[in-house]
Amino acid sequence: MSATRTASMSPLICWSCRERALGPHFCSNCGKIQQLPRDVDYFAFFGLPRKLWIEGAELEKKFLQLSWQLHPDNFVHATEREKDLSLERSSQLNDAYRTLREPVSRVEYLLAIEGARKEGEQKQQAPPELLEEVFGLNESLDELREAKAGGGDLSALKTRLEAAENNFQEKLAEVDEQLQGIAREWDAALDNNVENVARNKLMARMNDLLNRRSYIRNLVRNVAAELTG
Amino acid sequence: MAYSDKVVDHYNNPRNVGSLPKDDPNVGTGLVGAPECGDVMKLQMKINPETQVIEEAKFKTFGCGSAIASSSLATEWVKGKTVSEALSIKNTDIVRELSLPPVKIHCSVLAEDAIKAAIRNWKTKHGVEAAAEEKVAH
Ligand code: FES
């Protein structure tokens with residue numbers, strides 16, 4: 001499947017007027033709401049190419065427009081079929097918006113539909129230094145929990161944890177920045193019709209970064225919970 | 001999600017929690033992580049270089065109940081086994097023993113990976129022996 005494919009989905013025959021329905025959501029001929037073809041991804045749903053840079057305001061505008069057009073309230077007097085379609089579409093719209101709005105989940109989603117990130121099929125281990133660090137910090141967290149339970153002196157541990165938290169926040173920002181950099185490369189690669197090998201390399205790098213990110217995010221969350229708790 | 005009785009048992013009474021001196025030449029350490037959830041697991045074993053028997057095993061896991069149960073079970077299973085017997089333990093054996101649901105399979109994979117990583121680490125420490133053993137095997 002080509003990554004450059006956009007919303008220009010193959011025209012389908014409208015279920016109502018039997019003409020070719022050119023629009024993605026409504027028939028260009030009779031205006032009836034259409035059934036979504038199976039292979040429509042969230043990018044296509046909004047009429048967007050599979051690029052990672054999406055203007056937030058523009059996406060929101062499209063979302064509001066579509067949610068107004070697809071809203072079940074518009075179909076109170078329509079046929080059962082149209083009512084069902086409107087309900088189905090509206091909930092898909094919400095999923096699509098939620099997924100694409102967030103830059104990180106957008107990357108995750110892109111890698112999933114491009115077949116580069118499958119659940120339960122990881123296999124790239126994180127770099128050993130990162131695992132060591134994550135493990136060590138988890139041990140400090142454990143110590144803090146024990147010290148809390150035993151009523152011991154917490155200030156030294158707290159200072160260490162706070163330093164660690166800052167450090168990991170910084171790491172998280174670093175990873176996000178790197179991810180943004182590759183996202184720009186990805187978009188450029190699509191524009192220039194770069195061959196698959198290069199595109200797969202970019203996706204592999206994004207995948208690595210996402211893995212790294214999940215450890216760091218997990219830690220930030222645990223440390224923060226412990227410090228406030 | 002409801003954990004099976006065996007998971008609950010290992011979770012509440014984890015066997016062999018702790019650590020072994022990681023600089024001991026006879027101790028192999030495996031540190032692995034699951035990128036899906038960001039959990040980490042450390043598994044260590046003390047291996048007799050003469051007999052290749054795993055004499056002691058310890059683990060420490062920061063992760064979900066299934067990961068804790070999987071690693072606890074793994075330490076029980078490897079103890080008394082030879083290195084090559086331990087290497088034949090598959091994550092599917094763990095899944096079966098603990099009745100893990102599909103969403104928890106990666107937790108058992110973590111335990112299998114940890115066993116392999118610990119043995120690899122031990123073999124690197126005994127570089128010569130590992131090379132010799134491979135020659136025999138081929
Ligand atoms: S959910 Fe992360 S190891 Fe089980």
# chains A, B, ... in the order shown; residues from 1 in each chain; ligands from 1
>>> select_by_dssp(residues="chain B", states="strand (DSSP E)", output="NGL selection string")
:B and (27-34 or 39-47 or 54-62)
>>> residues_around(residues="A:Asn211", least_positions_apart="5", cutoff="8 Å", atoms="only C-alpha atoms", output="list of chain:residue names")
A:Ala126, B:Pro35, B:Glu36, B:Gly38
>>> residues_near_ligand(ligand="ligand 1", cutoff="12 Å", atoms="only C-alpha atoms and all ligand atoms", output="ChimeraX atom specification")
/A:120,214-215,218 /B:1,3,7,32-41,61-71,100-114
>>> interface_residues(of="chain A", to="chain B", cutoff="12 Å", atoms="only C-alpha atoms", output="VMD selection string")
chain A and resid 108 117 to 142 207 to 222
>>> write_last_selection(atoms="C-alpha atoms", output="CSV table (one decimal), in the first residue's frame")
chain,number,residue,atom,x,y,z
A,108,GLU,CA,1.8,5.5,16.4
A,117,ARG,CA,4.4,-1.3,14.3
A,118,LYS,CA,2.4,-4.3,15.3
A,119,GLU,CA,1.1,-5.0,18.8
A,120,GLY,CA,2.8,-7.8,20.5
A,121,GLU,CA,5.5,-8.0,17.9
A,122,GLN,CA,8.1,-5.7,19.4
A,123,LYS,CA,11.5,-7.3,19.6
A,124,GLN,CA,13.7,-4.2,19.5
A,125,GLN,CA,15.1,-4.0,23.0
A,126,ALA,CA,15.7,-0.6,24.5
A,127,PRO,CA,19.3,0.5,24.8
A,128,PRO,CA,20.9,-1.1,27.9
A,129,GLU,CA,21.9,2.2,29.5
A,130,LEU,CA,18.3,3.3,29.4
A,131,LEU,CA,17.1,0.1,31.0
A,132,GLU,CA,19.7,0.4,33.7
A,133,GLU,CA,18.6,3.9,34.4
A,134,VAL,CA,14.9,3.0,34.5
A,135,PHE,CA,15.6,0.1,36.7
A,136,GLY,CA,17.8,2.1,39.1
A,137,LEU,CA,15.2,4.8,39.4
A,138,ASN,CA,12.5,2.3,40.1
A,139,GLU,CA,14.6,1.0,42.9
A,140,SER,CA,14.9,4.5,44.4
A,141,LEU,CA,11.1,4.7,44.2
A,142,ASP,CA,10.9,1.5,46.1
A,207,ASN,CA,9.5,3.1,16.2
A,208,ASP,CA,12.6,3.1,18.3
A,209,LEU,CA,11.8,6.5,19.6
A,210,LEU,CA,8.3,5.6,20.5
A,211,ASN,CA,9.6,2.6,22.5
A,212,ARG,CA,12.1,4.8,24.3
A,213,ARG,CA,9.4,7.2,25.0
A,214,SER,CA,7.1,4.6,26.7
A,215,TYR,CA,9.8,3.8,29.3
A,216,ILE,CA,10.5,7.4,30.1
A,217,ARG,CA,6.8,8.4,30.2
A,218,ASN,CA,6.1,5.5,32.6
A,219,LEU,CA,8.9,6.6,34.9
A,220,VAL,CA,7.9,10.2,34.9
A,221,ARG,CA,4.4,9.2,35.9
A,222,ASN,CA,5.6,6.9,38.7
>>> select_by_dssp(residues="chain B", states="helix (DSSP H, G or I)", output="count of residues only")
70
>>> atom_distance(atom1="atom CA of A:Cys17", atom2="atom CA of A:His71")
21.5 Å
>>> residues_around(residues="A:Tyr97", least_positions_apart="6", cutoff="10 Å", atoms="only C-alpha atoms", output="PDB file with all heavy atoms, in the first residue's frame")
ATOM      1  N   TYR A  42      -7.742   7.133   9.015  1.00  0.00           N
ATOM      2  CA  TYR A  42      -8.131   8.400   9.642  1.00  0.00           C
ATOM      3  C   TYR A  42      -7.640   9.617   8.862  1.00  0.00           C
ATOM      4  O   TYR A  42      -8.262  10.664   8.881  1.00  0.00           O
ATOM      5  CB  TYR A  42      -7.616   8.467  11.075  1.00  0.00           C
ATOM      6  CG  TYR A  42      -8.299   7.495  12.010  1.00  0.00           C
ATOM      7  CD1 TYR A  42      -7.704   7.132  13.211  1.00  0.00           C
ATOM      8  CD2 TYR A  42      -9.543   6.952  11.702  1.00  0.00           C
ATOM      9  CE1 TYR A  42      -8.316   6.251  14.079  1.00  0.00           C
ATOM     10  CE2 TYR A  42     -10.161   6.062  12.562  1.00  0.00           C
ATOM     11  CZ  TYR A  42      -9.547   5.716  13.753  1.00  0.00           C
ATOM     12  OH  TYR A  42     -10.150   4.853  14.609  1.00  0.00           O
ATOM     13  N   PHE A  43      -6.495   9.475   8.196  1.00  0.00           N
ATOM     14  CA  PHE A  43      -6.011  10.608   7.406  1.00  0.00           C
ATOM     15  C   PHE A  43      -7.009  10.879   6.276  1.00  0.00           C
ATOM     16  O   PHE A  43      -7.432  12.007   6.061  1.00  0.00           O
ATOM     17  CB  PHE A  43      -4.626  10.302   6.818  1.00  0.00           C
ATOM     18  CG  PHE A  43      -3.531  10.249   7.842  1.00  0.00           C
ATOM     19  CD1 PHE A  43      -3.143   9.039   8.398  1.00  0.00           C
ATOM     20  CD2 PHE A  43      -2.890  11.404   8.239  1.00  0.00           C
ATOM     21  CE1 PHE A  43      -2.129   8.984   9.349  1.00  0.00           C
ATOM     22  CE2 PHE A  43      -1.872  11.364   9.187  1.00  0.00           C
ATOM     23  CZ  PHE A  43      -1.501  10.149   9.746  1.00  0.00           C
ATOM     24  N   PHE A  45     -10.012  10.080   6.143  1.00  0.00           N
ATOM     25  CA  PHE A  45     -11.281  10.526   6.711  1.00  0.00           C
ATOM     26  C   PHE A  45     -11.375  12.048   6.677  1.00  0.00           C
ATOM     27  O   PHE A  45     -12.415  12.625   6.391  1.00  0.00           O
ATOM     28  CB  PHE A  45     -11.367  10.026   8.157  1.00  0.00           C
ATOM     29  CG  PHE A  45     -12.763   9.979   8.702  1.00  0.00           C
ATOM     30  CD1 PHE A  45     -13.448   8.778   8.799  1.00  0.00           C
ATOM     31  CD2 PHE A  45     -13.406  11.144   9.115  1.00  0.00           C
ATOM     32  CE1 PHE A  45     -14.741   8.733   9.298  1.00  0.00           C
ATOM     33  CE2 PHE A  45     -14.694  11.100   9.623  1.00  0.00           C
ATOM     34  CZ  PHE A  45     -15.363   9.890   9.712  1.00  0.00           C
ATOM     35  N   PHE A  46     -10.257  12.706   6.951  1.00  0.00           N
ATOM     36  CA  PHE A  46     -10.240  14.173   6.939  1.00  0.00           C
ATOM     37  C   PHE A  46      -9.768  14.741   5.610  1.00  0.00           C
ATOM     38  O   PHE A  46      -9.516  15.943   5.498  1.00  0.00           O
ATOM     39  CB  PHE A  46      -9.315  14.699   8.047  1.00  0.00           C
ATOM     40  CG  PHE A  46      -9.883  14.541   9.419  1.00  0.00           C
ATOM     41  CD1 PHE A  46      -9.396  13.577  10.277  1.00  0.00           C
ATOM     42  CD2 PHE A  46     -10.929  15.356   9.847  1.00  0.00           C
ATOM     43  CE1 PHE A  46      -9.932  13.427  11.547  1.00  0.00           C
ATOM     44  CE2 PHE A  46     -11.462  15.207  11.116  1.00  0.00           C
ATOM     45  CZ  PHE A  46     -10.962  14.234  11.964  1.00  0.00           C
ATOM     46  N   LEU A  59      -7.147  21.126  11.455  1.00  0.00           N
ATOM     47  CA  LEU A  59      -7.771  19.847  11.775  1.00  0.00           C
ATOM     48  C   LEU A  59      -9.044  20.068  12.584  1.00  0.00           C
ATOM     49  O   LEU A  59     -10.079  19.441  12.340  1.00  0.00           O
ATOM     50  CB  LEU A  59      -6.789  18.962  12.547  1.00  0.00           C
ATOM     51  CG  LEU A  59      -7.273  17.541  12.824  1.00  0.00           C
ATOM     52  CD1 LEU A  59      -7.307  16.720  11.556  1.00  0.00           C
ATOM     53  CD2 LEU A  59      -6.388  16.861  13.859  1.00  0.00           C
ATOM     54  N   GLU A  60      -8.957  20.978  13.526  1.00  0.00           N
ATOM     55  CA  GLU A  60     -10.121  21.246  14.361  1.00  0.00           C
ATOM     56  C   GLU A  60     -11.280  21.773  13.512  1.00  0.00           C
ATOM     57  O   GLU A  60     -12.438  21.396  13.705  1.00  0.00           O
ATOM     58  CB  GLU A  60      -9.771  22.234  15.468  1.00  0.00           C
ATOM     59  CG  GLU A  60     -10.885  22.323  16.488  1.00  0.00           C
ATOM     60  CD  GLU A  60     -10.625  23.362  17.579  1.00  0.00           C
ATOM     61  OE1 GLU A  60      -9.597  24.051  17.520  1.00  0.00           O
ATOM     62  OE2 GLU A  60     -11.483  23.475  18.468  1.00  0.00           O
ATOM     63  N   LYS A  62     -11.853  21.203  10.353  1.00  0.00           N
ATOM     64  CA  LYS A  62     -12.431  20.089   9.596  1.00  0.00           C
ATOM     65  C   LYS A  62     -13.290  19.211  10.497  1.00  0.00           C
ATOM     66  O   LYS A  62     -14.346  18.721  10.096  1.00  0.00           O
ATOM     67  CB  LYS A  62     -11.318  19.234   8.981  1.00  0.00           C
ATOM     68  CG  LYS A  62     -10.688  19.866   7.782  1.00  0.00           C
ATOM     69  CD  LYS A  62      -9.737  18.884   7.126  1.00  0.00           C
ATOM     70  CE  LYS A  62      -8.830  19.645   6.198  1.00  0.00           C
ATOM     71  NZ  LYS A  62      -8.728  19.258   4.867  1.00  0.00           N
ATOM     72  N   PHE A  63     -12.777  19.001  11.707  1.00  0.00           N
ATOM     73  CA  PHE A  63     -13.509  18.162  12.641  1.00  0.00           C
ATOM     74  C   PHE A  63     -14.880  18.770  12.956  1.00  0.00           C
ATOM     75  O   PHE A  63     -15.904  18.090  12.911  1.00  0.00           O
ATOM     76  CB  PHE A  63     -12.675  17.981  13.918  1.00  0.00           C
ATOM     77  CG  PHE A  63     -13.446  17.393  15.068  1.00  0.00           C
ATOM     78  CD1 PHE A  63     -13.831  16.061  15.055  1.00  0.00           C
ATOM     79  CD2 PHE A  63     -13.793  18.181  16.166  1.00  0.00           C
ATOM     80  CE1 PHE A  63     -14.544  15.510  16.108  1.00  0.00           C
ATOM     81  CE2 PHE A  63     -14.512  17.636  17.215  1.00  0.00           C
ATOM     82  CZ  PHE A  63     -14.882  16.302  17.183  1.00  0.00           C
ATOM     83  N   LEU A  64     -14.878  20.050  13.260  1.00  0.00           N
ATOM     84  CA  LEU A  64     -16.146  20.691  13.625  1.00  0.00           C
ATOM     85  C   LEU A  64     -17.127  20.670  12.457  1.00  0.00           C
ATOM     86  O   LEU A  64     -18.321  20.398  12.625  1.00  0.00           O
ATOM     87  CB  LEU A  64     -15.891  22.128  14.076  1.00  0.00           C
ATOM     88  CG  LEU A  64     -15.130  22.230  15.403  1.00  0.00           C
ATOM     89  CD1 LEU A  64     -14.786  23.677  15.731  1.00  0.00           C
ATOM     90  CD2 LEU A  64     -15.940  21.600  16.540  1.00  0.00           C
ATOM     91  N   SER A  91     -19.094   8.451  15.360  1.00  0.00           N
ATOM     92  CA  SER A  91     -18.191   7.884  16.352  1.00  0.00           C
ATOM     93  C   SER A  91     -16.813   7.650  15.727  1.00  0.00           C
ATOM     94  O   SER A  91     -15.786   7.833  16.387  1.00  0.00           O
ATOM     95  CB  SER A  91     -18.780   6.618  16.986  1.00  0.00           C
ATOM     96  OG  SER A  91     -18.377   5.483  16.300  1.00  0.00           O
ATOM     97  N   ARG A 106      -0.499  10.214  16.671  1.00  0.00           N
ATOM     98  CA  ARG A 106      -0.524  10.310  15.205  1.00  0.00           C
ATOM     99  C   ARG A 106       0.598   9.458  14.609  1.00  0.00           C
ATOM    100  O   ARG A 106       0.383   8.701  13.664  1.00  0.00           O
ATOM    101  CB  ARG A 106      -0.341  11.775  14.801  1.00  0.00           C
ATOM    102  CG  ARG A 106      -0.588  12.078  13.353  1.00  0.00           C
ATOM    103  CD  ARG A 106      -0.270  13.532  13.055  1.00  0.00           C
ATOM    104  NE  ARG A 106      -0.950  14.464  13.962  1.00  0.00           N
ATOM    105  CZ  ARG A 106      -0.492  15.669  14.273  1.00  0.00           C
ATOM    106  NH1 ARG A 106       0.642  16.109  13.767  1.00  0.00           N
ATOM    107  NH2 ARG A 106      -1.162  16.439  15.104  1.00  0.00           N
TER     108      ARG A 106
END
>>> residues_around(residues="B:Ala57", least_positions_apart="6", cutoff="10 Å", atoms="only C-alpha atoms", output="list in words")
Arg15, Asn16, Val17, Gly18, Ser19, Leu20, Val27, Gly28, Thr29, Leu43, Gln44, Met45, Lys46, Ile47, Ser72, Ala74, Thr75, Glu76, Trp77, Val78, Lys79, Gly80 and Ile115 of chain B
>>> residues_around(residues="stretch 190-200 of chain A", least_positions_apart="3", cutoff="9 Å", atoms="only C-alpha atoms", output="ChimeraX atom specification")
/A:3-4,50-51,116,185-187,203-205
>>> atom_distance(atom1="atom CA of A:Thr228", atom2="atom CA of A:Val175")
24.9 Å
>>> atom_distance(atom1="atom CA of B:Val8", atom2="atom CA of B:Ile119")
27.7 Å
>>> decode(residues="stretch 110-124 of chain B", atoms="all heavy atoms", output="short mmCIF file (atom, residue, chain, number, x, y, z; two decimals), in the first residue's frame")
data_model
loop_
_atom_site.label_atom_id
_atom_site.label_comp_id
_atom_site.auth_asym_id
_atom_site.auth_seq_id
_atom_site.Cartn_x
_atom_site.Cartn_y
_atom_site.Cartn_z
N LEU B 110 8.72 -11.31 28.19
CA LEU B 110 9.72 -10.60 28.96
C LEU B 110 10.53 -11.59 29.81
O LEU B 110 11.75 -11.50 29.89
CB LEU B 110 9.01 -9.59 29.86
CG LEU B 110 9.71 -8.30 30.23
CD1 LEU B 110 10.23 -7.59 29.01
CD2 LEU B 110 8.76 -7.39 31.00
N ALA B 111 9.83 -12.54 30.43
CA ALA B 111 10.51 -13.52 31.28
C ALA B 111 11.41 -14.43 30.45
O ALA B 111 12.55 -14.71 30.84
CB ALA B 111 9.49 -14.35 32.06
N GLU B 112 10.93 -14.87 29.29
CA GLU B 112 11.77 -15.70 28.44
C GLU B 112 13.01 -14.93 28.00
O GLU B 112 14.14 -15.44 28.04
CB GLU B 112 10.99 -16.19 27.20
CG GLU B 112 11.85 -17.09 26.32
CD GLU B 112 11.21 -17.42 24.97
OE1 GLU B 112 9.97 -17.50 24.90
OE2 GLU B 112 11.97 -17.60 23.99
N ASP B 113 12.80 -13.69 27.59
CA ASP B 113 13.93 -12.85 27.17
C ASP B 113 14.93 -12.66 28.30
O ASP B 113 16.14 -12.63 28.08
CB ASP B 113 13.44 -11.47 26.72
CG ASP B 113 12.77 -11.52 25.36
OD1 ASP B 113 12.83 -12.58 24.71
OD2 ASP B 113 12.18 -10.50 24.95
N ALA B 114 14.40 -12.54 29.53
CA ALA B 114 15.29 -12.31 30.67
C ALA B 114 16.16 -13.53 30.93
O ALA B 114 17.35 -13.40 31.24
CB ALA B 114 14.47 -11.96 31.91
N ILE B 115 15.58 -14.73 30.82
CA ILE B 115 16.38 -15.95 30.99
C ILE B 115 17.51 -15.97 29.96
O ILE B 115 18.68 -16.16 30.28
CB ILE B 115 15.50 -17.22 30.80
CG1 ILE B 115 14.41 -17.29 31.88
CG2 ILE B 115 16.37 -18.47 30.83
CD1 ILE B 115 13.44 -18.45 31.69
N LYS B 116 17.13 -15.73 28.71
CA LYS B 116 18.12 -15.77 27.62
C LYS B 116 19.20 -14.72 27.85
O LYS B 116 20.39 -14.99 27.66
CB LYS B 116 17.43 -15.50 26.28
CG LYS B 116 16.33 -16.49 25.98
CD LYS B 116 16.47 -17.07 24.59
CE LYS B 116 15.88 -18.46 24.50
NZ LYS B 116 14.42 -18.48 24.31
N ALA B 117 18.78 -13.52 28.25
CA ALA B 117 19.75 -12.44 28.44
C ALA B 117 20.71 -12.76 29.58
O ALA B 117 21.92 -12.50 29.49
CB ALA B 117 19.03 -11.12 28.70
N ALA B 118 20.20 -13.36 30.65
CA ALA B 118 21.05 -13.70 31.79
C ALA B 118 22.08 -14.75 31.38
O ALA B 118 23.26 -14.65 31.74
CB ALA B 118 20.21 -14.21 32.96
N ILE B 119 21.64 -15.72 30.63
CA ILE B 119 22.57 -16.77 30.20
C ILE B 119 23.61 -16.21 29.23
O ILE B 119 24.79 -16.53 29.30
CB ILE B 119 21.79 -17.97 29.60
CG1 ILE B 119 21.02 -18.66 30.73
CG2 ILE B 119 22.74 -18.93 28.90
CD1 ILE B 119 20.14 -19.79 30.31
N ARG B 120 23.15 -15.33 28.35
CA ARG B 120 24.08 -14.71 27.41
C ARG B 120 25.15 -13.94 28.19
O ARG B 120 26.34 -14.02 27.88
CB ARG B 120 23.32 -13.76 26.49
CG ARG B 120 23.95 -13.63 25.10
CD ARG B 120 23.15 -12.71 24.18
NE ARG B 120 21.71 -13.01 24.18
CZ ARG B 120 20.75 -12.13 24.47
NH1 ARG B 120 21.05 -10.90 24.83
NH2 ARG B 120 19.48 -12.49 24.43
N ASN B 121 24.71 -13.22 29.21
CA ASN B 121 25.64 -12.45 30.02
C ASN B 121 26.66 -13.37 30.71
O ASN B 121 27.86 -13.09 30.73
CB ASN B 121 24.86 -11.63 31.04
CG ASN B 121 25.76 -10.87 31.99
OD1 ASN B 121 25.82 -11.19 33.18
ND2 ASN B 121 26.45 -9.87 31.48
N TRP B 122 26.16 -14.47 31.24
CA TRP B 122 27.06 -15.42 31.90
C TRP B 122 28.06 -16.00 30.90
O TRP B 122 29.23 -16.14 31.18
CB TRP B 122 26.22 -16.54 32.53
CG TRP B 122 27.04 -17.63 33.18
CD1 TRP B 122 27.65 -17.58 34.40
CD2 TRP B 122 27.36 -18.90 32.62
NE1 TRP B 122 28.31 -18.75 34.65
CE2 TRP B 122 28.15 -19.57 33.57
CE3 TRP B 122 27.04 -19.54 31.42
CZ2 TRP B 122 28.63 -20.86 33.37
CZ3 TRP B 122 27.52 -20.82 31.21
CH2 TRP B 122 28.30 -21.47 32.17
N LYS B 123 27.57 -16.31 29.71
CA LYS B 123 28.45 -16.87 28.68
C LYS B 123 29.53 -15.88 28.27
O LYS B 123 30.68 -16.26 28.03
CB LYS B 123 27.65 -17.28 27.45
CG LYS B 123 26.97 -18.63 27.62
CD LYS B 123 26.37 -19.12 26.31
CE LYS B 123 25.79 -20.52 26.49
NZ LYS B 123 24.97 -20.92 25.33
N THR B 124 29.18 -14.61 28.17
CA THR B 124 30.19 -13.61 27.80
C THR B 124 31.26 -13.55 28.87
O THR B 124 32.44 -13.39 28.56
CB THR B 124 29.59 -12.20 27.67
OG1 THR B 124 28.18 -12.28 27.74
CG2 THR B 124 30.01 -11.53 26.41
#
